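protein-v6.cif follows; it contains mmCIF, C-alpha atoms and all ligand atoms.
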```cif
data_model
loop_
_atom_site.label_atom_id
_atom_site.label_comp_id
_atom_site.auth_asym_id
_atom_site.auth_seq_id
_atom_site.Cartn_x
_atom_site.Cartn_y
_atom_site.Cartn_z
CA MET A 1324 21.42 -10.02 -18.53
CA LYS A 1325 22.70 -13.56 -17.98
CA THR A 1326 19.98 -16.18 -17.37
CA GLU A 1327 21.65 -17.33 -14.17
CA ASP A 1328 21.77 -13.73 -12.86
CA PHE A 1329 18.10 -13.24 -13.73
CA GLU A 1330 17.25 -16.45 -11.87
CA TYR A 1331 19.39 -15.46 -8.88
CA VAL A 1332 17.62 -12.10 -8.54
CA CYS A 1333 14.13 -13.55 -9.09
CA THR A 1334 14.66 -16.28 -6.50
CA TYR A 1335 15.92 -13.80 -3.94
CA VAL A 1336 13.08 -11.33 -4.52
CA ARG A 1337 10.49 -14.10 -4.34
CA GLU A 1338 11.91 -15.47 -1.09
CA GLN A 1339 12.11 -12.06 0.54
CA ALA A 1340 9.01 -10.26 -0.73
CA ALA A 1341 6.89 -12.96 -2.42
CA ILE A 1342 7.01 -10.94 -5.64
CA VAL A 1343 6.84 -13.37 -8.56
CA LEU A 1344 9.02 -12.42 -11.54
CA GLU A 1345 8.64 -15.07 -14.18
CA PRO A 1346 10.61 -15.74 -17.36
CA GLY A 1347 9.54 -13.05 -19.79
CA LYS A 1348 10.19 -10.31 -17.21
CA GLU A 1349 13.90 -10.11 -18.05
CA TYR A 1350 13.51 -6.66 -19.57
CA LEU A 1351 11.72 -5.29 -16.49
CA VAL A 1352 14.29 -6.79 -14.10
CA GLU A 1353 17.23 -5.61 -16.15
CA SER A 1354 15.95 -2.06 -16.58
CA ARG A 1355 15.33 -1.70 -12.84
CA LEU A 1356 18.69 -3.21 -11.96
CA ASP A 1357 20.30 -0.90 -14.48
CA ALA A 1358 18.83 2.16 -12.72
CA LEU A 1359 19.98 0.78 -9.37
CA ALA A 1360 23.49 -0.03 -10.68
CA ARG A 1361 23.88 3.57 -11.89
CA LYS A 1362 22.59 4.99 -8.61
CA LYS A 1363 24.95 2.81 -6.57
CA LYS A 1364 27.87 3.49 -8.91
CA PHE A 1365 28.38 -0.02 -10.28
CA GLU A 1366 29.85 -0.32 -13.76
CA SER A 1367 27.06 -2.56 -14.99
CA VAL A 1368 24.21 -4.85 -13.97
CA ASP A 1369 26.67 -7.76 -14.16
CA ALA A 1370 28.92 -6.01 -11.63
CA LEU A 1371 25.94 -5.36 -9.34
CA VAL A 1372 24.85 -9.02 -9.42
CA ALA A 1373 28.45 -10.20 -8.88
CA HIS A 1374 28.52 -7.97 -5.77
CA LEU A 1375 25.27 -9.52 -4.54
CA LYS A 1376 26.64 -13.02 -4.97
CA ARG A 1377 29.85 -12.15 -3.10
CA HIS A 1378 27.97 -10.52 -0.18
CA PRO A 1379 24.95 -12.65 0.79
CA ASN A 1380 22.06 -10.82 2.45
CA SER A 1381 23.74 -7.45 2.20
CA GLU A 1382 22.22 -3.98 2.27
CA MET A 1383 22.42 -4.08 -1.53
CA HIS A 1384 20.09 -7.10 -1.57
CA ARG A 1385 17.56 -4.97 0.26
CA SER A 1386 17.91 -2.24 -2.36
CA VAL A 1387 17.35 -4.83 -5.10
CA VAL A 1388 14.09 -5.96 -3.45
CA ASP A 1389 12.96 -2.33 -3.16
CA ALA A 1390 13.85 -1.76 -6.81
CA MET A 1391 11.67 -4.71 -7.85
CA THR A 1392 8.53 -3.29 -6.24
CA THR A 1393 6.03 -1.56 -8.50
CA ASN A 1394 4.84 1.55 -6.70
CA GLU A 1395 2.21 2.79 -9.11
CA THR A 1396 -0.56 4.66 -7.25
CA SER A 1397 -2.69 7.79 -7.45
CA PHE A 1398 -5.14 9.85 -5.41
CA PHE A 1399 -8.64 8.32 -5.24
CA ARG A 1400 -7.47 5.45 -7.43
CA ASP A 1401 -10.51 3.73 -9.01
CA LEU A 1402 -12.73 6.24 -7.17
CA HIS A 1403 -15.55 3.77 -6.34
CA PRO A 1404 -13.99 2.40 -3.12
CA PHE A 1405 -13.84 5.95 -1.77
CA GLU A 1406 -17.49 6.49 -2.75
CA ALA A 1407 -18.42 3.30 -0.88
CA LEU A 1408 -16.50 4.56 2.12
CA ARG A 1409 -18.26 7.92 1.98
CA LYS A 1410 -21.78 6.69 1.33
CA VAL A 1411 -22.00 3.48 3.35
CA ILE A 1412 -19.00 2.45 5.42
CA LEU A 1413 -18.15 5.65 7.27
CA PRO A 1414 -21.81 6.32 8.24
CA GLU A 1415 -22.07 2.67 9.38
CA LEU A 1416 -18.91 2.98 11.50
CA LEU A 1417 -20.10 6.29 12.95
CA GLU A 1418 -23.20 4.49 14.16
CA LYS A 1419 -21.65 1.18 15.25
CA ARG A 1420 -18.61 2.52 17.05
CA ARG A 1421 -20.22 5.52 18.69
CA ALA A 1422 -19.98 4.01 22.18
CA ASP A 1423 -16.20 3.57 22.33
CA LYS A 1424 -15.26 6.09 19.61
CA GLN A 1425 -12.38 3.88 18.54
CA LEU A 1426 -11.51 3.12 14.93
CA ASN A 1427 -8.61 1.23 13.37
CA PHE A 1428 -7.64 1.63 9.72
CA TRP A 1429 -4.77 -0.05 7.90
CA CYS A 1430 -3.40 0.69 4.45
CA GLY A 1431 -1.06 -2.18 3.55
CA ALA A 1432 1.09 -1.54 0.47
CA ALA A 1433 0.64 2.20 0.91
CA SER A 1434 3.31 3.18 -1.61
CA THR A 1435 3.85 6.97 -1.72
CA GLY A 1436 0.78 7.68 0.41
CA GLN A 1437 -1.88 8.84 -2.05
CA GLU A 1438 -4.23 6.06 -0.95
CA CYS A 1439 -4.15 6.70 2.79
CA PHE A 1440 -4.37 10.46 2.26
CA SER A 1441 -7.40 9.92 0.00
CA VAL A 1442 -9.07 7.95 2.81
CA LEU A 1443 -8.26 10.72 5.27
CA MET A 1444 -9.63 13.42 2.97
CA THR A 1445 -12.81 11.36 2.56
CA ILE A 1446 -13.15 11.23 6.34
CA ALA A 1447 -12.34 14.93 6.75
CA GLU A 1448 -14.85 15.97 4.09
CA HIS A 1449 -17.74 13.67 4.92
CA CYS A 1450 -17.38 12.39 8.50
CA PRO A 1451 -15.13 14.95 10.24
CA GLU A 1452 -16.48 13.85 13.62
CA LEU A 1453 -14.39 10.68 13.25
CA LEU A 1454 -11.21 12.76 13.37
CA GLN A 1455 -12.04 13.60 17.00
CA TRP A 1456 -12.27 9.91 17.87
CA ASN A 1457 -9.42 7.65 18.81
CA LEU A 1458 -8.44 6.95 15.20
CA ASN A 1459 -5.52 4.57 14.68
CA PHE A 1460 -4.45 4.81 11.08
CA ILE A 1461 -1.46 2.73 10.05
CA ALA A 1462 0.10 2.80 6.59
CA THR A 1463 2.76 0.23 5.74
CA ASP A 1464 4.93 -0.75 2.82
CA LEU A 1465 7.98 -2.89 2.26
CA CYS A 1466 9.82 -0.31 0.19
CA ARG A 1467 11.66 2.22 2.31
CA GLU A 1468 11.96 4.84 -0.39
CA VAL A 1469 8.23 5.14 -1.06
CA LEU A 1470 7.46 5.02 2.63
CA SER A 1471 9.71 7.98 3.36
CA ARG A 1472 8.06 9.89 0.51
CA ALA A 1473 4.63 9.07 1.99
CA GLN A 1474 5.80 10.21 5.39
CA ALA A 1475 6.98 13.53 3.95
CA GLY A 1476 3.56 13.96 2.32
CA ARG A 1477 5.03 15.89 -0.63
CA PHE A 1478 3.81 15.48 -4.20
CA ASN A 1479 4.80 16.96 -7.51
CA GLN A 1480 2.41 18.62 -9.95
CA LEU A 1481 2.01 15.45 -12.02
CA GLU A 1482 1.03 13.47 -8.94
CA VAL A 1483 -1.58 15.98 -7.73
CA ASN A 1484 -2.97 16.15 -11.27
CA ARG A 1485 -3.82 12.44 -11.05
CA GLY A 1486 -7.20 11.91 -9.40
CA LEU A 1487 -7.16 14.75 -6.91
CA PRO A 1488 -10.06 17.21 -7.33
CA ALA A 1489 -8.87 20.85 -7.46
CA ALA A 1490 -11.06 21.78 -4.50
CA LEU A 1491 -9.33 19.18 -2.31
CA LEU A 1492 -5.90 20.25 -3.51
CA VAL A 1493 -6.58 23.83 -2.50
CA LYS A 1494 -8.10 22.82 0.81
CA HIS A 1495 -5.72 20.12 2.05
CA PHE A 1496 -2.35 20.96 0.45
CA GLU A 1497 0.11 23.79 0.72
CA ARG A 1498 2.40 24.78 -2.12
CA HIS A 1499 6.16 24.63 -1.50
CA GLY A 1500 8.01 25.59 -4.67
CA ASP A 1501 7.37 22.84 -7.23
CA GLU A 1502 5.71 20.57 -4.69
CA TRP A 1503 2.48 20.30 -2.75
CA GLU A 1504 2.56 19.28 0.90
CA PHE A 1505 -0.37 17.40 2.40
CA SER A 1506 -2.04 18.92 5.48
CA ASP A 1507 0.10 18.53 8.55
CA ALA A 1508 -2.87 17.91 10.80
CA LEU A 1509 -4.23 15.06 8.65
CA ARG A 1510 -0.79 13.61 7.89
CA LYS A 1511 -0.10 13.30 11.62
CA LYS A 1512 -3.12 11.00 11.95
CA VAL A 1513 -1.16 8.30 10.05
CA GLN A 1514 1.57 6.15 11.52
CA PHE A 1515 3.89 5.02 8.71
CA ARG A 1516 5.72 1.74 9.25
CA GLU A 1517 8.02 -0.38 7.18
CA MET A 1518 6.40 -3.80 6.97
CA ASN A 1519 6.82 -6.83 4.77
CA LEU A 1520 3.51 -8.65 4.33
CA LEU A 1521 5.46 -11.92 4.67
CA ASP A 1522 6.70 -11.01 8.16
CA HIS A 1523 5.10 -10.36 11.53
CA TRP A 1524 2.25 -7.78 11.43
CA PRO A 1525 2.55 -5.41 14.39
CA LEU A 1526 -0.93 -4.00 13.75
CA PHE A 1527 -4.16 -3.48 15.72
CA PRO A 1528 -6.31 -6.56 16.16
CA GLY A 1529 -9.90 -5.47 15.68
CA THR A 1530 -9.20 -3.40 12.60
CA ASP A 1531 -12.29 -1.85 11.04
CA VAL A 1532 -11.13 -1.14 7.48
CA VAL A 1533 -8.21 -2.53 5.49
CA PHE A 1534 -7.02 -1.22 2.15
CA LEU A 1535 -4.78 -3.86 0.62
CA ARG A 1536 -5.00 -2.89 -3.00
CA ASN A 1537 -2.91 -3.83 -6.00
CA VAL A 1538 -0.33 -5.88 -4.15
CA LEU A 1539 -1.75 -9.44 -4.09
CA ILE A 1540 -1.44 -9.45 -7.89
CA TYR A 1541 2.32 -9.82 -7.49
CA PHE A 1542 2.07 -12.95 -5.31
CA ASP A 1543 1.47 -16.66 -5.94
CA VAL A 1544 -1.73 -18.38 -4.78
CA PRO A 1545 -0.44 -19.83 -1.47
CA THR A 1546 0.89 -16.37 -0.49
CA LYS A 1547 -2.42 -14.69 -1.40
CA LYS A 1548 -4.28 -17.28 0.70
CA ALA A 1549 -2.00 -16.81 3.70
CA ILE A 1550 -2.22 -13.01 3.56
CA LEU A 1551 -6.01 -12.98 3.15
CA SER A 1552 -6.50 -15.33 6.06
CA LYS A 1553 -4.19 -13.20 8.22
CA THR A 1554 -6.15 -10.12 7.14
CA ARG A 1555 -9.39 -11.81 8.20
CA ARG A 1556 -7.93 -12.47 11.65
CA LEU A 1557 -6.91 -8.83 11.93
CA LEU A 1558 -10.34 -7.49 11.03
CA ARG A 1559 -13.28 -7.17 13.40
CA PRO A 1560 -16.24 -9.32 12.39
CA GLY A 1561 -18.10 -7.13 9.90
CA GLY A 1562 -14.93 -5.14 9.10
CA TYR A 1563 -14.21 -4.25 5.49
CA LEU A 1564 -11.40 -5.17 3.12
CA PHE A 1565 -10.73 -3.33 -0.13
CA LEU A 1566 -8.67 -5.06 -2.81
CA GLY A 1567 -7.51 -3.85 -6.22
CA GLY A 1568 -9.79 -4.19 -9.25
CA ALA A 1569 -7.97 -7.33 -10.46
CA GLU A 1570 -7.94 -8.97 -7.02
CA THR A 1571 -10.49 -11.02 -5.10
CA THR A 1572 -10.92 -13.25 -2.06
CA MET A 1573 -12.92 -15.73 -4.17
CA ASN A 1574 -11.47 -19.26 -4.05
CA LEU A 1575 -8.68 -17.96 -1.83
CA CYS A 1576 -10.35 -17.23 1.50
CA GLU A 1577 -13.92 -18.15 2.34
CA GLN A 1578 -14.06 -15.99 5.46
CA PHE A 1579 -15.20 -12.92 3.56
CA ASP A 1580 -18.54 -11.98 2.02
CA ARG A 1581 -18.31 -10.12 -1.26
CA VAL A 1582 -20.26 -6.89 -0.91
CA VAL A 1583 -21.17 -4.63 -3.81
CA ILE A 1584 -21.79 -1.00 -2.94
CA GLU A 1585 -22.91 0.73 -6.11
CA LYS A 1586 -19.89 0.41 -8.40
CA ALA A 1587 -17.46 -0.71 -5.68
CA THR A 1588 -16.71 -4.25 -4.59
CA CYS A 1589 -15.39 -4.86 -1.11
CA TYR A 1590 -15.14 -7.83 1.22
CA ARG A 1591 -16.75 -8.06 4.65
CA ALA A 1592 -15.20 -10.25 7.33
CA VAL A 1593 -17.76 -12.90 8.26
CA ASP A 1594 -18.74 -13.28 11.92
C1 LIG A 1601 1.14 -1.00 -6.99
S1 LIG A 1601 1.53 -0.44 -5.39
C2 LIG A 1601 -0.10 -0.23 -4.71
C3 LIG A 1601 -0.28 1.09 -4.02
C4 LIG A 1601 -1.69 1.36 -3.52
N1 LIG A 1601 -2.15 0.34 -2.62
C5 LIG A 1601 -2.64 1.50 -4.68
O1 LIG A 1601 -3.42 0.59 -4.94
O2 LIG A 1601 -2.60 2.53 -5.35
C6 LIG A 1601 2.10 -1.93 -4.61
C7 LIG A 1601 2.90 -1.69 -3.34
O3 LIG A 1601 3.08 -2.95 -2.69
C8 LIG A 1601 4.34 -2.94 -2.03
N2 LIG A 1601 4.76 -4.33 -1.78
C9 LIG A 1601 5.14 -5.28 -2.67
N3 LIG A 1601 5.48 -6.41 -2.05
C10 LIG A 1601 5.29 -6.21 -0.72
C11 LIG A 1601 5.46 -7.01 0.44
N4 LIG A 1601 5.90 -8.27 0.38
N5 LIG A 1601 5.18 -6.45 1.64
C12 LIG A 1601 4.73 -5.18 1.73
N6 LIG A 1601 4.55 -4.37 0.67
C13 LIG A 1601 4.82 -4.87 -0.55
C14 LIG A 1601 5.24 -2.21 -3.02
O4 LIG A 1601 6.36 -1.68 -2.39
C15 LIG A 1601 4.30 -1.14 -3.60
O5 LIG A 1601 4.46 0.11 -2.99
#
```
Please go through the file and, once you have read it, give me the structure as structure tokens.
Amino acid sequence: MKTEDFEYVCTYVREQAAIVLEPGKEYLVESRLDALARKKKFESVDALVAHLKRHPNSEMHRSVVDAMTTNETSFFRDLHPFEALRKVILPELLEKRRADKQLNFWCGAASTGQECFSVLMTIAEHCPELLQWNLNFIATDLCREVLSRAQAGRFNQLEVNRGLPAALLVKHFERHGDEWEFSDALRKKVQFREMNLLDHWPLFPGTDVVFLRNVLIYFDVPTKKAILSKTRRLLRPGGYLFLGGAETTMNLCEQFDRVVIEKATCYRAVD
């Protein structure tokens, strides 16, 4: 791939999605563009980039941004956050919010949905009463393809083999040929929305729990700071934020207290 084409794509992706692709990532960028070029019937990556340059801000640009997202996820990823939810946070919310029976959850960077469905299974298994409350559960992602997969709630065998206990598979999924479909009743509790973290957030102020895991790692420091401070404003005082294992609010946003719940680390919005 030509250096100038690599730079053109990286600049565009950074402007649009904040994803930082530095020199050294040429192989990653080229292999993803190669897959996209084949899918969209371009002769080569060069031809795809030439098309982008001839048609500024086209639909193809959007596909390039989607192609540059890393959508790696799994059920109950890292497990400990879900244990913290089960043992401490859900019982606390059950107590604190009993009067108005209103709860707001947000999964930013939801990818193909395993994370938000893991949260819902945790609620269904350990605090089913919450499902009778006014539960607003929003899952968002920038990438349209993963979002539509999340919305469909269908997973292949490999995906359900990653992190999902057999008992939960049997209980909350139905087999359809080679795929497993997540419970209709639980899936309907989630509103899926396309949302770029750089844009306006049409979410619920007074959110109780935010999962924003394994996405800040792709951003530069000013973007991380801006997103964390926006997340703090979205959360209720005392609300919880979960980040990925390699992410933190430390030195980025002082409006969170770091809370350790057994083996999980989460961040509580300060009053
Ligand atoms: C590695 S996945 C994380 C999935 C899940 N949160 C987890 O931890 O398993 C990162 C997700 O962030 C999304 N993403 C990247 N940049 C984004 C942006 N600017 N706005 C919204 N979502 C973004 C990608 O599309 C991708 O699905």
Can you tell me how far atom CA of Gly1486 of chain A sits from atom CA of Phe1399 of chain A, in Å to one decimal? 5.7 Å
Around ligand LIG 1601 (chain A), at most 9 Å away and counting all atoms listed in the file, which residues are there? Put them as a PyMOL selection string, please. chain A and resi 1337+1339-1342+1388-1401+1430-1439+1463-1470+1517-1522+1534-1542+1566-1567
Using the selection just defined, write its residues with C-alpha atoms as a compact mmCIF listing (two decimals), in the coordinates of the input.
```txt
# COMPACT_ATOMS: atom_id res chain seq x y z
CA ARG A 1337 10.49 -14.10 -4.34
CA GLN A 1339 12.11 -12.06 0.54
CA ALA A 1340 9.01 -10.26 -0.73
CA ALA A 1341 6.89 -12.96 -2.42
CA ILE A 1342 7.01 -10.94 -5.64
CA VAL A 1388 14.09 -5.96 -3.45
CA ASP A 1389 12.96 -2.33 -3.16
CA ALA A 1390 13.85 -1.76 -6.81
CA MET A 1391 11.67 -4.71 -7.85
CA THR A 1392 8.53 -3.29 -6.24
CA THR A 1393 6.03 -1.56 -8.50
CA ASN A 1394 4.84 1.55 -6.70
CA GLU A 1395 2.21 2.79 -9.11
CA THR A 1396 -0.56 4.66 -7.25
CA SER A 1397 -2.69 7.79 -7.45
CA PHE A 1398 -5.14 9.85 -5.41
CA PHE A 1399 -8.64 8.32 -5.24
CA ARG A 1400 -7.47 5.45 -7.43
CA ASP A 1401 -10.51 3.73 -9.01
CA CYS A 1430 -3.40 0.69 4.45
CA GLY A 1431 -1.06 -2.18 3.55
CA ALA A 1432 1.09 -1.54 0.47
CA ALA A 1433 0.64 2.20 0.91
CA SER A 1434 3.31 3.18 -1.61
CA THR A 1435 3.85 6.97 -1.72
CA GLY A 1436 0.78 7.68 0.41
CA GLN A 1437 -1.88 8.84 -2.05
CA GLU A 1438 -4.23 6.06 -0.95
CA CYS A 1439 -4.15 6.70 2.79
CA THR A 1463 2.76 0.23 5.74
CA ASP A 1464 4.93 -0.75 2.82
CA LEU A 1465 7.98 -2.89 2.26
CA CYS A 1466 9.82 -0.31 0.19
CA ARG A 1467 11.66 2.22 2.31
CA GLU A 1468 11.96 4.84 -0.39
CA VAL A 1469 8.23 5.14 -1.06
CA LEU A 1470 7.46 5.02 2.63
CA GLU A 1517 8.02 -0.38 7.18
CA MET A 1518 6.40 -3.80 6.97
CA ASN A 1519 6.82 -6.83 4.77
CA LEU A 1520 3.51 -8.65 4.33
CA LEU A 1521 5.46 -11.92 4.67
CA ASP A 1522 6.70 -11.01 8.16
CA PHE A 1534 -7.02 -1.22 2.15
CA LEU A 1535 -4.78 -3.86 0.62
CA ARG A 1536 -5.00 -2.89 -3.00
CA ASN A 1537 -2.91 -3.83 -6.00
CA VAL A 1538 -0.33 -5.88 -4.15
CA LEU A 1539 -1.75 -9.44 -4.09
CA ILE A 1540 -1.44 -9.45 -7.89
CA TYR A 1541 2.32 -9.82 -7.49
CA PHE A 1542 2.07 -12.95 -5.31
CA LEU A 1566 -8.67 -5.06 -2.81
CA GLY A 1567 -7.51 -3.85 -6.22
```
Extract, using all atoms listed in the file, all DNA, RNA and protein residues at most 9 Å from His1449 of chain A, discarding same-chain residues fewer than 4 positions from it, and format them as a VMD selection string. chain A and resid 1409 to 1410 1413 1444 to 1445
Smallest atom-to-atom distance to Phe1405 of chain A: which of A:Tyr1331, A:Trp1456, A:Trp1429, A:Phe1440, using only C-alpha atoms?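 For Phe1405 of chain A, the nearest of the candidates is A:Phe1440.
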Could you check how far atom CA of Leu1359 of chain A sits from atom CA of Asp1328 of chain A, in Å to one decimal? 15.0 Å
With distances taken over all atoms listed in the file, the candidate from A:Asn1479, A:Asp1594, A:Ser1354, A:Pro1451 nearest Gly1500 of chain A is A:Asn1479
